[in-house]
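Student: One structure is given below, represented as structure tokens, and several questions about it will come after.
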Amino acid sequence: MSHDSTAAPDAAARKLSGRRRKEIVAVLLFSGGPIFESSIPLSVFGIDRQDAGVPRYRLLVCAGEEGPLRTTGGLELTAPHGLEAISRAGTVVVPAWRSITSPPPEEALDALRRAHEDGARIVGLCTGAFVLAAAGLLDGRPATTHWMYAPTLAKRYPSVHVDPRELFVDDGDVLTSAGTAAGIDLCLHIVRTDHGNEAAGALARRLVVPPRRSGGQERYLDRSLPEEIGADPLAEVVAWALEHLHEQFDVETLAARAYMSRRTFDRRFRSLTGSAPLQWLITQRVLQAQRLLETSDYSVDEVAGRCGFRSPVALRGHFRRQLGSSPAAYRAAYRARRPQAERSVDPESVTGPVGPPASVHQEHPGPVPMQTRRTAAALGASALAPDALRERPELYVAGRAGLPGQRSAP
């Protein structure tokens with residue numbers, strides 16, 4: 001899913017300046033940006049596909065700093081425009097930033113601020129969200145980025161409401177997306193917003209991608225905590241929680257173990273991880289359920305009890321919300337994709353107080369070491385879904401109904 005948000009009143013009332021044109025899209029490139037992410041808006045907005053029913057945009061590729069711009073594989077790019085061209089664009093896209101630890105050029109940030117003040121729509125794909133945040137355009141707003149960088153974005157810019165679960169967030173005049181493929185999702189959403197479902201569907205068919213994807217980043221997230229949490233007192237609380245997922249406890253219990261009030265604990269936890277503690281805890285229980293469903297023969301009722309859920313109904317509800325599937329269907333799909341020999345795992349190795357599941361890329365997941373448990377899943381993450389749960393190929397065919405919409409402004 002993606003974020004449905006009502007733009008702030010001043011953003012909703014802001015009109016596009018007369019010198020800017022809605023059909024003009026400026027893409028702001030920097031040296032060191034990855035070529036794949038950078039190419040997404042160039043392909044979506046820079047190729048004439050009117051023969052396929054896709055309205056045409058006018059693309060301005062702008063250098064955010066002095067060139068030549070170096071990208072993946074040592075390639076050098078020369079952008080045909082500089083920052084001055086942004087003054088004509090109704091949409092400005094920052095597809096990536098080279099380093100989440102270094103500040104973007106102030107001249108580029110000023111250009112983004114001016115464009116926003118003129119009513120332009122500002123878009124940050126993947127790590128491009130860090131550029132928007134540095135410009136102050138995400139203050140007080142919901143936003144997302146690649147799950148791996150979400151904790152850093154939340155910690156560095158505490159006034160930004162970072163949601164690492166979303167594929168993209170549309171907050172009216174400022175939009176952000178998760179990594180790589182989610183940039184395509186957001187660009188399709190922009191086309192859909194500007195020209196309707198038919199145009200976006202036609203473009204999706206040309207790109208051979210789903211017109212809409214269900215779910216969010218949960219199924220793709222890693223289970224690692226950000227490095228910054230390692231020395232924080234909350235790390236011990238997180239480790240204890242992962243050791244005791246088979247027990248029934250709540251966030252109040254975790255706050256008490258941290259010797260904090262619930263309000264202080266919630267604030268500290270979110271600032272470190274980018275996730276609310278209740279959502280994190282529920283997701284860890286779902287992760288544990290996934291592991292047991294993949295590697296044991298316990299019934300769904302038994303899995304629920306071993307993951308700390310108060311009832312099988314609670315497990316089924318949370319499991320479906322996070323993965324879009326029932327526990328039974330998840331187990332069946334997972335096992336259908338794996339040879340019988342790979343399913344021969346001792347159930348005792350996955351019982352009791354274990355941490356988050358091993359990666360589905362591991363051939364024989366076993367008990368999770370203490371160090372893994374102590375550095376596990378702070379982002380409210382979910383394991384990778386099996387191939388059988390991925391997008392259905394029929395969605396690429398013209399005339400098929402799309403999946404439920406992403407979280408976006410009405």
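Residues are named by chain letter and number: chains run A, B, ... in the order of the structure tokens, numbers start at 1 in each chain, and ligands are numbered from 1 in the order shown.
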Write out as CSV the residues of stretch 170-280 of chain A that have any atom within 9 Å of an atom of stretch 285-304 of chain A, one row each with the nearest atom pair and its distance in Å to one decimal, counting only C-alpha atoms, sorted by chain and then rising number.

Tutor:
```
residue,atom,partner,partner_atom,distance
A:Leu242,CA,A:Arg285,CA,8.9
A:Leu245,CA,A:Arg285,CA,6.4
A:His246,CA,A:Arg285,CA,8.3
A:Trp280,CA,A:Arg285,CA,8.7
```

Student: One number please: atom CA of A:Ala26 to atom CA of A:Thr91, in Å, one decimal.

Tutor: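 Here the two named atoms are 6.3 Å from each other.
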
Student: If you run DSSP on the backbone here, which positions in stretch 63-142 of chain A get alpha helix (DSSP H)? Please write them as a list in words.

Tutor: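 DSSP-assigned alpha helix (DSSP H) residues in stretch 63-142 of chain A: Glu106, Glu107, Ala108, Leu109, Asp110, Ala111, Leu112, Arg113, Arg114, Ala115, His116, Glu117, Gly128, Ala129, Phe130, Val131, Leu132, Ala133 and Ala134 of chain A.
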
Student: Dump N, CA and C atoms for the selected residues as a tab-separated table (two decimals), in the first residue's frame?

Tutor:
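Produced file result.tsv, reproduced below:
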```tsv
chain	number	residue	atom	x	y	z
A	106	GLU	N	24.10	23.52	-1.85
A	106	GLU	CA	23.12	24.51	-1.42
A	106	GLU	C	22.41	25.16	-2.61
A	107	GLU	N	23.12	25.31	-3.73
A	107	GLU	CA	22.48	25.92	-4.90
A	107	GLU	C	21.30	25.07	-5.38
A	108	ALA	N	21.47	23.75	-5.35
A	108	ALA	CA	20.39	22.85	-5.76
A	108	ALA	C	19.22	22.92	-4.78
A	109	LEU	N	19.54	23.00	-3.49
A	109	LEU	CA	18.48	23.10	-2.48
A	109	LEU	C	17.69	24.39	-2.65
A	110	ASP	N	18.38	25.48	-2.95
A	110	ASP	CA	17.69	26.75	-3.18
A	110	ASP	C	16.76	26.66	-4.38
A	111	ALA	N	17.24	25.99	-5.44
A	111	ALA	CA	16.40	25.84	-6.64
A	111	ALA	C	15.14	25.03	-6.34
A	112	LEU	N	15.27	24.01	-5.51
A	112	LEU	CA	14.10	23.21	-5.13
A	112	LEU	C	13.13	24.03	-4.29
A	113	ARG	N	13.67	24.82	-3.37
A	113	ARG	CA	12.79	25.65	-2.53
A	113	ARG	C	12.03	26.65	-3.37
A	114	ARG	N	12.71	27.27	-4.32
A	114	ARG	CA	12.05	28.26	-5.17
A	114	ARG	C	10.97	27.59	-6.02
A	115	ALA	N	11.27	26.40	-6.54
A	115	ALA	CA	10.29	25.70	-7.35
A	115	ALA	C	9.05	25.36	-6.51
A	116	HIS	N	9.28	24.93	-5.30
A	116	HIS	CA	8.15	24.60	-4.43
A	116	HIS	C	7.33	25.83	-4.10
A	117	GLU	N	7.98	26.93	-3.84
A	117	GLU	CA	7.27	28.18	-3.55
A	117	GLU	C	6.45	28.65	-4.75
A	128	GLY	N	16.62	10.25	-3.09
A	128	GLY	CA	16.29	11.64	-3.41
A	128	GLY	C	15.50	12.29	-2.28
A	129	ALA	N	14.86	11.47	-1.43
A	129	ALA	CA	14.13	12.02	-0.28
A	129	ALA	C	15.07	12.78	0.65
A	130	PHE	N	16.33	12.37	0.71
A	130	PHE	CA	17.28	13.07	1.57
A	130	PHE	C	17.54	14.48	1.06
A	131	VAL	N	17.50	14.68	-0.24
A	131	VAL	CA	17.68	16.01	-0.81
A	131	VAL	C	16.47	16.88	-0.46
A	132	LEU	N	15.27	16.32	-0.59
A	132	LEU	CA	14.07	17.08	-0.24
A	132	LEU	C	14.07	17.43	1.24
A	133	ALA	N	14.51	16.47	2.08
A	133	ALA	CA	14.56	16.74	3.51
A	133	ALA	C	15.58	17.82	3.83
A	134	ALA	N	16.73	17.78	3.17
A	134	ALA	CA	17.75	18.80	3.40
A	134	ALA	C	17.27	20.19	3.00
```

Student: Please report the interatomic distance between atom CA of A:Ala79 and atom CA of A:Val209 in Å with one decimal.

Tutor: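 The value is 27.7 Å.
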
Student: Using only C-alpha atoms, determine which residues lie at most 10 Å from A:Asn197, disregarding the query and same-chain residues fewer than 5 positions distant; provide the list as an NGL selection string.

Tutor: :A and (188-189 or 191-192 or 202-203 or 211 or 402)

Student: Which residue, A:Pro80, A:Ser275, A:Asp266, A:Ala258, has the smallest gap to A:Thr144 when you use only C-alpha atoms?

Tutor: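 With only C-alpha atoms as the atom set, the closest residue is A:Ser275.
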
Student: Between atom CA of A:Leu137 and atom CA of A:Arg270, what is the distance, to one decimal in Å?

Tutor: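 We find that atom CA of A:Leu137 and atom CA of A:Arg270 lie 20.5 Å from each other.
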
Student: For stretch 62-75 of chain A, list every protein, DNA or RNA residue within 8 Å, evaluated using only C-alpha atoms, and leave out those in the same chain fewer than 6 positions away; present the list as a list in words.

Tutor: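 In the requested format, the answer is Ala26, Val27, Leu28, Leu29, Phe30, Ser31, Gly32, Gly33, Pro34, Ile35, His81, Gly82, Leu83, Ala85, Ile86, Pro105, Glu107 and Ala108 of chain A.
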
Student: When you look at stretch 48-57 of chain A with a cut-off of 7 Å (counting only C-alpha atoms), what residues show up, excluding the ones that are within fewer than 3 positions of it in the same chain? I need them as a ChimeraX atom specification.

Tutor: /A:23-25,45,199,202-203

Student: Which one is closest to A:Leu278: A:Arg262, A:Gln322, A:Asp250, A:Gly305? Count only C-alpha atoms.

Tutor: A:Asp250

Student: Restricting the calculation to only C-alpha atoms, which member of A:Ala154, A:Val238, A:Leu77, A:Leu125 is positioned closest to A:Trp97?

Tutor: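 Looking only at the distances to A:Trp97, the closest residue turns out to be A:Leu125.
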
Student: Taking only C-alpha atoms into account, which of A:Met148, A:Ile184, A:Ile47, A:Val92 comes nearest A:Arg20?

Tutor: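 The shortest atom-to-atom distance to A:Arg20 comes from A:Val92.
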